[in-house]
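Engineer: Coordinates in final-v7.tsv, TSV, C-alpha atoms, are listed below.
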chain	number	residue	atom	x	y	z
T	1	MET	CA	8.94	24.14	-8.06
T	2	ARG	CA	10.50	23.59	-4.67
T	3	GLY	CA	12.59	20.49	-4.13
T	4	MET	CA	10.75	17.38	-3.05
T	5	VAL	CA	11.37	16.29	0.53
T	6	TRP	CA	11.61	12.51	0.77
T	7	ARG	CA	9.72	12.12	4.04
T	8	ARG	CA	9.26	8.83	5.82
T	9	LEU	CA	6.55	6.85	4.09
T	10	VAL	CA	3.42	7.23	6.18
T	11	PHE	CA	-0.25	7.28	5.40
T	12	GLY	CA	-2.12	10.60	5.50
T	13	VAL	CA	-3.74	11.40	8.84
T	14	ALA	CA	-7.48	10.91	8.84
T	15	CYS	CA	-9.87	12.87	11.00
T	16	SER	CA	-12.40	11.23	13.26
T	17	CYS	CA	-15.90	10.85	12.00
T	18	GLY	CA	-19.23	9.84	13.41
T	19	ALA	CA	-20.35	6.25	13.83
T	20	LEU	CA	-20.41	4.47	10.48
T	21	ALA	CA	-22.40	1.42	11.56
T	22	PRO	CA	-26.12	0.89	10.88
T	23	ALA	CA	-28.59	2.42	13.30
T	24	TRP	CA	-30.02	-0.77	14.77
T	25	PRO	CA	-28.42	-1.44	18.21
T	26	GLN	CA	-27.89	-5.17	17.63
T	27	ALA	CA	-26.20	-4.55	14.29
T	28	ILE	CA	-24.06	-1.82	15.81
T	29	ASN	CA	-22.91	-4.18	18.56
T	30	LEU	CA	-22.12	-7.00	16.13
T	31	ASN	CA	-20.23	-4.69	13.82
T	32	ALA	CA	-18.27	-3.10	16.67
T	33	GLU	CA	-17.35	-6.56	17.95
T	34	LEU	CA	-16.24	-7.58	14.45
T	35	ILE	CA	-13.99	-4.53	14.20
T	36	ALA	CA	-12.45	-5.44	17.57
T	37	ALA	CA	-12.03	-9.10	16.61
T	38	VAL	CA	-10.25	-8.22	13.37
T	39	ARG	CA	-8.06	-5.66	15.12
T	40	SER	CA	-6.94	-8.33	17.59
T	41	GLY	CA	-6.50	-10.99	14.89
T	42	ASN	CA	-9.18	-13.27	16.31
T	43	LEU	CA	-10.20	-15.40	13.32
T	44	VAL	CA	-12.58	-17.66	15.25
T	45	ARG	CA	-14.47	-14.75	16.79
T	46	ALA	CA	-14.63	-12.89	13.48
T	47	THR	CA	-16.05	-15.97	11.78
T	48	THR	CA	-18.71	-16.34	14.45
T	49	LEU	CA	-19.71	-12.66	14.24
T	50	LEU	CA	-20.01	-12.80	10.46
T	51	GLU	CA	-22.22	-15.87	10.78
T	52	GLN	CA	-24.39	-13.93	13.22
T	53	GLY	CA	-24.86	-11.15	10.68
T	54	ALA	CA	-22.02	-8.69	11.26
T	55	ASP	CA	-21.32	-6.54	8.21
T	56	PRO	CA	-17.93	-7.31	6.58
T	57	HIS	CA	-17.85	-3.67	5.43
T	58	SER	CA	-17.88	-2.33	8.99
T	59	ARG	CA	-15.46	0.54	9.53
T	60	ASN	CA	-13.80	2.17	12.51
T	61	ARG	CA	-13.72	5.89	13.22
T	62	LEU	CA	-10.87	6.45	10.78
T	63	GLY	CA	-12.87	4.75	8.08
T	64	ASP	CA	-10.74	1.61	8.03
T	65	SER	CA	-12.79	-1.34	6.91
T	66	THR	CA	-12.22	-4.70	8.50
T	67	LEU	CA	-10.43	-5.75	5.30
T	68	ASN	CA	-8.16	-2.72	5.42
T	69	THR	CA	-7.29	-3.45	9.05
T	70	ALA	CA	-6.53	-7.09	8.29
T	71	ALA	CA	-4.47	-6.18	5.21
T	72	ARG	CA	-2.38	-3.67	7.15
T	73	ALA	CA	-1.68	-6.31	9.80
T	74	GLY	CA	-0.72	-8.88	7.16
T	75	ASP	CA	-3.34	-11.29	8.48
T	76	LEU	CA	-3.90	-13.55	5.49
T	77	PRO	CA	-6.50	-15.88	7.08
T	78	LEU	CA	-8.64	-12.90	8.08
T	79	VAL	CA	-8.22	-11.30	4.67
T	80	ARG	CA	-9.39	-14.50	3.00
T	81	LEU	CA	-12.34	-14.81	5.38
T	82	LEU	CA	-13.50	-11.24	4.78
T	83	LEU	CA	-13.14	-11.50	1.01
T	84	ALA	CA	-15.09	-14.75	1.03
T	85	ARG	CA	-17.85	-12.95	2.94
T	86	GLY	CA	-18.04	-10.19	0.34
T	87	ALA	CA	-15.77	-7.46	1.74
T	88	ASP	CA	-15.15	-4.70	-0.80
T	89	VAL	CA	-11.55	-4.99	-2.02
T	90	GLU	CA	-11.57	-1.28	-3.00
T	91	GLN	CA	-13.08	0.19	0.19
T	92	ALA	CA	-10.73	3.03	1.17
T	93	ASN	CA	-10.52	4.80	4.52
T	94	LEU	CA	-10.88	8.53	5.10
T	95	SER	CA	-7.33	9.07	3.86
T	96	GLN	CA	-8.20	7.17	0.67
T	97	VAL	CA	-5.93	4.28	1.64
T	98	THR	CA	-7.14	1.04	0.07
T	99	PRO	CA	-6.44	-2.49	1.35
T	100	LEU	CA	-3.91	-2.94	-1.48
T	101	MET	CA	-1.99	0.11	-0.31
T	102	SER	CA	-2.10	-1.16	3.26
T	103	ALA	CA	-0.64	-4.51	2.22
T	104	ALA	CA	2.07	-2.84	0.13
T	105	PHE	CA	2.93	-0.42	2.95
T	106	GLY	CA	3.46	-3.31	5.34
T	107	GLY	CA	5.32	-5.45	2.82
T	108	HIS	CA	2.72	-8.20	3.15
T	109	ALA	CA	3.29	-9.96	-0.16
T	110	GLU	CA	0.91	-12.87	0.41
T	111	VAL	CA	-1.93	-10.54	1.36
T	112	LEU	CA	-1.18	-8.36	-1.65
T	113	ARG	CA	-1.33	-11.45	-3.86
T	114	GLU	CA	-4.75	-12.35	-2.46
T	115	LEU	CA	-6.09	-8.84	-3.04
T	116	LEU	CA	-4.78	-8.79	-6.60
T	117	ALA	CA	-6.47	-12.16	-7.20
T	118	HIS	CA	-9.72	-10.39	-6.27
T	119	ARG	CA	-9.00	-7.66	-8.86
T	120	ALA	CA	-7.82	-4.90	-6.54
T	121	ALA	CA	-7.21	-1.76	-8.62
T	122	LEU	CA	-3.62	-0.61	-9.12
T	123	ALA	CA	-4.24	3.03	-10.02
T	124	PRO	CA	-5.79	4.63	-6.88
T	125	VAL	CA	-3.70	7.04	-4.82
T	126	ASP	CA	-4.30	8.14	-1.27
T	127	ARG	CA	-4.66	11.60	0.21
T	128	VAL	CA	-0.89	12.14	0.08
T	129	HIS	CA	-0.76	11.03	-3.58
T	130	LYS	CA	0.89	7.66	-3.02
T	131	SER	CA	-0.12	4.44	-4.75
T	132	ALA	CA	0.39	0.80	-3.81
T	133	MET	CA	3.48	0.79	-6.05
T	134	VAL	CA	4.97	3.82	-4.31
T	135	TYR	CA	4.56	2.14	-0.92
T	136	ALA	CA	5.93	-1.17	-2.19
T	137	ALA	CA	9.00	0.43	-3.77
T	138	GLY	CA	9.66	2.91	-0.97
T	139	ASN	CA	9.39	0.26	1.71
T	140	GLY	CA	11.50	-2.20	-0.28
T	141	CYS	CA	9.08	-5.08	-0.79
T	142	ALA	CA	10.54	-6.47	-4.00
T	143	ASP	CA	8.00	-9.30	-4.09
T	144	CYS	CA	5.18	-6.74	-3.85
T	145	VAL	CA	6.75	-4.68	-6.63
T	146	ARG	CA	7.04	-7.79	-8.79
T	147	GLN	CA	3.41	-8.74	-8.23
T	148	LEU	CA	2.16	-5.24	-9.02
T	149	LEU	CA	4.15	-5.24	-12.25
T	150	ASP	CA	2.82	-8.69	-13.13
T	151	ALA	CA	-0.70	-7.36	-12.54
T	152	GLY	CA	-0.15	-4.60	-15.08
T	153	ALA	CA	1.41	-1.67	-13.23
T	154	ASP	CA	3.56	0.53	-15.48
T	155	VAL	CA	7.17	0.27	-14.34
T	156	ASN	CA	7.78	3.85	-15.53
T	157	ALA	CA	4.56	5.41	-14.28
T	158	ARG	CA	4.87	8.95	-12.95
T	159	TYR	CA	3.52	9.75	-9.51
T	160	ASP	CA	3.48	12.96	-7.47
T	161	ALA	CA	6.05	15.53	-8.68
T	162	GLY	CA	6.95	13.28	-11.58
T	163	ALA	CA	8.64	10.68	-9.39
T	164	THR	CA	8.85	7.06	-10.52
T	165	ALA	CA	8.87	3.91	-8.42
T	166	LEU	CA	12.61	3.66	-9.10
T	167	MET	CA	13.11	7.08	-7.52
T	168	TRP	CA	11.16	6.07	-4.42
T	169	ALA	CA	13.23	2.91	-4.03
T	170	ALA	CA	16.42	4.93	-4.57
T	171	ALA	CA	15.45	7.56	-2.00
T	172	TYR	CA	15.11	4.90	0.70
T	173	GLY	CA	18.02	2.73	-0.40
T	174	LYS	CA	15.87	-0.32	-1.18
T	175	VAL	CA	18.27	-2.21	-3.39
T	176	ASP	CA	16.15	-5.33	-3.91
T	177	ALA	CA	13.26	-3.19	-5.13
T	178	LEU	CA	15.70	-1.22	-7.30
T	179	ARG	CA	17.03	-4.38	-8.92
T	180	THR	CA	13.51	-5.67	-9.52
T	181	LEU	CA	12.42	-2.44	-11.18
T	182	LEU	CA	15.57	-2.21	-13.29
T	183	ALA	CA	15.19	-5.82	-14.44
T	184	ARG	CA	11.65	-5.00	-15.54
T	185	GLY	CA	12.67	-2.05	-17.66
T	186	ALA	CA	12.67	0.97	-15.35
T	187	GLU	CA	14.26	3.98	-17.04
T	188	VAL	CA	17.43	4.51	-15.05
T	189	ASP	CA	17.94	8.11	-16.20
T	190	ALA	CA	14.33	9.32	-16.01
T	191	ARG	CA	13.99	12.74	-14.35
T	192	ASP	CA	11.36	14.02	-11.96
T	193	ALA	CA	9.71	17.43	-12.09
T	194	ARG	CA	12.86	18.98	-10.60
T	195	GLY	CA	15.08	17.38	-13.22
T	196	LYS	CA	16.58	14.87	-10.77
T	197	THR	CA	17.33	11.24	-11.59
T	198	ALA	CA	17.11	8.25	-9.26
T	199	LEU	CA	20.91	8.38	-8.97
T	200	ALA	CA	20.86	12.03	-7.92
T	201	ILE	CA	18.14	11.33	-5.38
T	202	ALA	CA	20.01	8.34	-3.91
T	203	ALA	CA	23.18	10.43	-3.63
T	204	GLU	CA	21.31	13.27	-1.91
T	205	GLN	CA	19.88	10.82	0.61
T	206	GLN	CA	23.32	9.23	1.14
T	207	GLN	CA	22.05	5.82	0.04
T	208	GLU	CA	25.42	4.41	-1.01
T	209	ALA	CA	24.19	0.91	-1.81
T	210	ALA	CA	21.49	2.34	-4.07
T	211	VAL	CA	24.02	4.59	-5.78
T	212	LYS	CA	26.20	1.54	-6.48
T	213	VAL	CA	23.28	-0.45	-7.98
T	214	LEU	CA	22.20	2.44	-10.17
T	215	ARG	CA	25.73	3.11	-11.43
T	216	GLU	CA	26.13	-0.57	-12.26
T	217	ALA	CA	22.91	-0.26	-14.27
T	218	GLY	CA	24.44	2.54	-16.30
T	219	ALA	CA	22.98	5.56	-14.52
T	220	ARG	CA	24.73	8.80	-15.44
T	221	PRO	CA	25.72	11.49	-12.90
Could you render the structure from this file as structure tokens?
Structural biologist:
Amino acid sequence: MRGMVWRRLVFGVACSCGALAPAWPQAINLNAELIAAVRSGNLVRATTLLEQGADPHSRNRLGDSTLNTAARAGDLPLVRLLLARGADVEQANLSQVTPLMSAAFGGHAEVLRELLAHRAALAPVDRVHKSAMVYAAGNGCADCVRQLLDAGADVNARYDAGATALMWAAAYGKVDALRTLLARGAEVDARDARGKTALAIAAEQQQEAAVKVLREAGARP
């Protein structure tokens, strides 16, 4: 197996698709306006449109639901509004990115907490095989990592190529996430499909602070 390349954490690119709104012109207009209101963070307008019958499950051309858009932006009031109006907490876009992944990717801990309170699933992965935990660890949101673990995520779960959350945090030098994972029982000397540990990965990526944390935790060369 070729060595894993620790690329910058980005969502998979989704292709454009046809209109996803209902066929009736009035509904289409309301839904399109709701999408625009959520994108611009306009809570008052979004509330009005929902009261007029706009569908909270409306999606844009990349398949992002209004909830996914609000979660990615870290807009807690809009997230709460949409959930209260019945938005599907699991509705993924064309790249299979769920609202929970969007919140984790952006480090929006309060939004992530709200989604977990509505029973957002921990297990789904997107088109590039990343989960909410991978995004939380790789982007260094220790609070997000903590919440996902509290919700039942396995601290030593294996993701693509056998990587653990600890390895993702190590690769990007996210020491707060590293410390959180280690405190919750992450296996410091676990190896990925290439036989590399978190310490080896941190060293390869020249993440000196991560190397120091891992060595202090007893990681072996």
Engineer: Would you pick out the contacts of His57 (chain T) at 8 Å or less, using only C-alpha atoms, so that residues sharing its chain but fewer than 4 positions from it are not included, and give the list as a list in words?
Structural biologist: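 Once the nearby chain positions are removed, what remains is Ser65, Thr66, Leu67, Ala87 and Asp88 of chain T.
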Engineer: Taking (-14.5, -15.1, 9.2) as a centre in this file's frame and 7 Å as the limit, can you find every polymer residue with an atom that close, using only C-alpha atoms, and give them as a PyMOL selection string?
Structural biologist: chain T and resi 43-44+46-48+50+78+81-82
Engineer: Mind giving me the straight-line distance from CA of Leu182 (chain T) to CA of Asn156 (chain T) in Å, one decimal?
Structural biologist: 10.1 Å
Engineer: Near Arg127 (chain T), counting all atoms listed in the file, which residues have an atom at most 8 Å away, once you skip same-chain residues fewer than 3 positions from it, shown as a list in words?
Structural biologist: Gly12, Ser95, Gln96, Val97 and Lys130 of chain T
Engineer: Neighbours of region 201-215 of chain T within 6 Å (all atoms listed in the file; same-chain residues fewer than 2 positions away dropped), as an NGL selection string?
Structural biologist: :T and (170-171 or 173 or 175 or 198-199 or 217-219)
Engineer: Taking into account all atoms listed in the file, which residue in the set T:Gly195, T:Gly41, T:Pro124, T:Gly63 is nearest to Ala163 (chain T)?
Structural biologist: T:Gly195
Engineer: In Å to one decimal, how far is CA of Glu51 (chain T) from CA of Leu116 (chain T)?
Structural biologist: 25.6 Å
Engineer: For the atom pair CA of Leu94 (chain T) and CA of Asp64 (chain T), what is the interatomic distance in Å to one decimal place?
Structural biologist: 7.5 Å
Engineer: Between T:Val128, T:Ala123, T:Ala161, T:Ala70, which has the minimum distance to Ser102 (chain T) (counting all atoms listed in the file)?
Structural biologist: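 Distance minimum relative to Ser102 (chain T) lands on T:Ala70.
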Engineer: Closest to Val125 (chain T) among T:Val188, T:Leu100, T:Leu181, T:Ala109, using all atoms listed in the file?
Structural biologist: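 Ranked by minimum distance to Val125 (chain T), first place goes to T:Leu100.
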Engineer: Report as JSON the centre and the edge lengths, in Å to one decimal, of the axis-aligned box holding every listed atom of region 77-89 of chain T, padded by 6 Å on each side.
Structural biologist:
{"center_x": -12.3, "center_y": -10.3, "center_z": 3.0, "size_x": 23.5, "size_y": 23.2, "size_z": 22.1}
Engineer: Which of these residues is nearest to Ser131 (chain T), using only C-alpha atoms: T:Val145, T:Ala177, T:Ala84, T:Leu76?
Structural biologist: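 Using only C-alpha atoms, Ser131 (chain T) sits closest to T:Val145.
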Engineer: Quick one: of T:His129, T:Val111, T:Tyr172, T:Met167, who's nearest to Gln147 (chain T), counting only C-alpha atoms?
Structural biologist: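 Ranking T:His129, T:Val111, T:Tyr172, T:Met167 by distance to Gln147 (chain T), first place goes to T:Val111.
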Engineer: From the options T:Arg158, T:Ala137, T:Gly74, T:Ala92, which residue's atoms come nearest to Glu110 (chain T), counting only C-alpha atoms?
Structural biologist: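 Answer, going by the shortest atom-to-atom distance: T:Gly74.
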Engineer: Missing atoms in region 54-87 of chain T need filling: write out N, CA and C atoms for it as an mmCIF file, keeping the file's coordinate frame.
Structural biologist:
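Now in result.cif:
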data_model
loop_
_atom_site.group_PDB
_atom_site.id
_atom_site.type_symbol
_atom_site.label_atom_id
_atom_site.label_comp_id
_atom_site.auth_asym_id
_atom_site.auth_seq_id
_atom_site.Cartn_x
_atom_site.Cartn_y
_atom_site.Cartn_z
ATOM 1 N N ALA T 54 -22.856 -9.890 11.283
ATOM 2 C CA ALA T 54 -22.020 -8.690 11.260
ATOM 3 C C ALA T 54 -21.676 -8.329 9.822
ATOM 4 N N ASP T 55 -21.574 -7.037 9.559
ATOM 5 C CA ASP T 55 -21.320 -6.540 8.210
ATOM 6 C C ASP T 55 -19.811 -6.555 7.918
ATOM 7 N N PRO T 56 -19.363 -7.283 6.885
ATOM 8 C CA PRO T 56 -17.930 -7.310 6.580
ATOM 9 C C PRO T 56 -17.376 -5.953 6.148
ATOM 10 N N HIS T 57 -18.276 -5.011 5.825
ATOM 11 C CA HIS T 57 -17.850 -3.670 5.430
ATOM 12 C C HIS T 57 -17.764 -2.703 6.610
ATOM 13 N N SER T 58 -17.932 -3.194 7.812
ATOM 14 C CA SER T 58 -17.880 -2.330 8.990
ATOM 15 C C SER T 58 -16.567 -1.570 9.045
ATOM 16 N N ARG T 59 -16.649 -0.313 9.496
ATOM 17 C CA ARG T 59 -15.460 0.540 9.530
ATOM 18 C C ARG T 59 -15.300 1.176 10.903
ATOM 19 N N ASN T 60 -14.062 1.475 11.247
ATOM 20 C CA ASN T 60 -13.800 2.170 12.510
ATOM 21 C C ASN T 60 -13.896 3.678 12.304
ATOM 22 N N ARG T 61 -13.529 4.447 13.296
ATOM 23 C CA ARG T 61 -13.720 5.890 13.220
ATOM 24 C C ARG T 61 -12.785 6.585 12.232
ATOM 25 N N LEU T 62 -11.745 5.898 11.813
ATOM 26 C CA LEU T 62 -10.870 6.450 10.780
ATOM 27 C C LEU T 62 -11.258 5.958 9.397
ATOM 28 N N GLY T 63 -12.381 5.247 9.354
ATOM 29 C CA GLY T 63 -12.870 4.750 8.080
ATOM 30 C C GLY T 63 -12.222 3.469 7.606
ATOM 31 N N ASP T 64 -11.368 2.868 8.433
ATOM 32 C CA ASP T 64 -10.740 1.610 8.030
ATOM 33 C C ASP T 64 -11.760 0.489 8.071
ATOM 34 N N SER T 65 -11.939 -0.159 6.940
ATOM 35 C CA SER T 65 -12.790 -1.340 6.910
ATOM 36 C C SER T 65 -12.088 -2.489 7.613
ATOM 37 N N THR T 66 -12.846 -3.533 7.890
ATOM 38 C CA THR T 66 -12.220 -4.700 8.500
ATOM 39 C C THR T 66 -11.159 -5.286 7.564
ATOM 40 N N LEU T 67 -11.412 -5.237 6.257
ATOM 41 C CA LEU T 67 -10.430 -5.750 5.300
ATOM 42 C C LEU T 67 -9.160 -4.904 5.307
ATOM 43 N N ASN T 68 -9.326 -3.592 5.385
ATOM 44 C CA ASN T 68 -8.160 -2.720 5.420
ATOM 45 C C ASN T 68 -7.327 -2.981 6.673
ATOM 46 N N THR T 69 -7.997 -3.170 7.795
ATOM 47 C CA THR T 69 -7.290 -3.450 9.050
ATOM 48 C C THR T 69 -6.522 -4.768 8.964
ATOM 49 N N ALA T 70 -7.169 -5.790 8.423
ATOM 50 C CA ALA T 70 -6.530 -7.090 8.290
ATOM 51 C C ALA T 70 -5.364 -7.042 7.304
ATOM 52 N N ALA T 71 -5.537 -6.298 6.217
ATOM 53 C CA ALA T 71 -4.470 -6.180 5.210
ATOM 54 C C ALA T 71 -3.262 -5.462 5.791
ATOM 55 N N ARG T 72 -3.489 -4.415 6.552
ATOM 56 C CA ARG T 72 -2.380 -3.670 7.150
ATOM 57 C C ARG T 72 -1.608 -4.552 8.136
ATOM 58 N N ALA T 73 -2.327 -5.422 8.827
ATOM 59 C CA ALA T 73 -1.680 -6.310 9.800
ATOM 60 C C ALA T 73 -1.017 -7.516 9.130
ATOM 61 N N GLY T 74 -1.281 -7.720 7.844
ATOM 62 C CA GLY T 74 -0.720 -8.880 7.160
ATOM 63 C C GLY T 74 -1.371 -10.183 7.570
ATOM 64 N N ASP T 75 -2.628 -10.111 7.981
ATOM 65 C CA ASP T 75 -3.340 -11.290 8.480
ATOM 66 C C ASP T 75 -4.057 -11.983 7.328
ATOM 67 N N LEU T 76 -3.359 -12.899 6.674
ATOM 68 C CA LEU T 76 -3.900 -13.550 5.490
ATOM 69 C C LEU T 76 -5.177 -14.350 5.755
ATOM 70 N N PRO T 77 -5.254 -15.144 6.831
ATOM 71 C CA PRO T 77 -6.500 -15.880 7.080
ATOM 72 C C PRO T 77 -7.711 -14.946 7.233
ATOM 73 N N LEU T 78 -7.539 -13.841 7.936
ATOM 74 C CA LEU T 78 -8.640 -12.900 8.080
ATOM 75 C C LEU T 78 -8.983 -12.234 6.756
ATOM 76 N N VAL T 79 -7.970 -11.891 5.986
ATOM 77 C CA VAL T 79 -8.220 -11.300 4.670
ATOM 78 C C VAL T 79 -9.038 -12.258 3.810
ATOM 79 N N ARG T 80 -8.657 -13.516 3.802
ATOM 80 C CA ARG T 80 -9.390 -14.500 3.000
ATOM 81 C C ARG T 80 -10.825 -14.673 3.500
ATOM 82 N N LEU T 81 -10.998 -14.694 4.809
ATOM 83 C CA LEU T 81 -12.340 -14.810 5.380
ATOM 84 C C LEU T 81 -13.216 -13.641 4.946
ATOM 85 N N LEU T 82 -12.705 -12.436 5.089
ATOM 86 C CA LEU T 82 -13.500 -11.240 4.780
ATOM 87 C C LEU T 82 -13.823 -11.155 3.290
ATOM 88 N N LEU T 83 -12.865 -11.508 2.441
ATOM 89 C CA LEU T 83 -13.140 -11.500 1.010
ATOM 90 C C LEU T 83 -14.185 -12.546 0.648
ATOM 91 N N ALA T 84 -14.106 -13.698 1.292
ATOM 92 C CA ALA T 84 -15.090 -14.750 1.030
ATOM 93 C C ALA T 84 -16.489 -14.337 1.467
ATOM 94 N N ARG T 85 -16.551 -13.442 2.454
ATOM 95 C CA ARG T 85 -17.850 -12.950 2.940
ATOM 96 C C ARG T 85 -18.279 -11.660 2.229
ATOM 97 N N GLY T 86 -17.588 -11.303 1.165
ATOM 98 C CA GLY T 86 -18.040 -10.190 0.340
ATOM 99 C C GLY T 86 -17.454 -8.835 0.650
ATOM 100 N N ALA T 87 -16.381 -8.762 1.440
ATOM 101 C CA ALA T 87 -15.770 -7.460 1.740
ATOM 102 C C ALA T 87 -15.315 -6.792 0.447
#
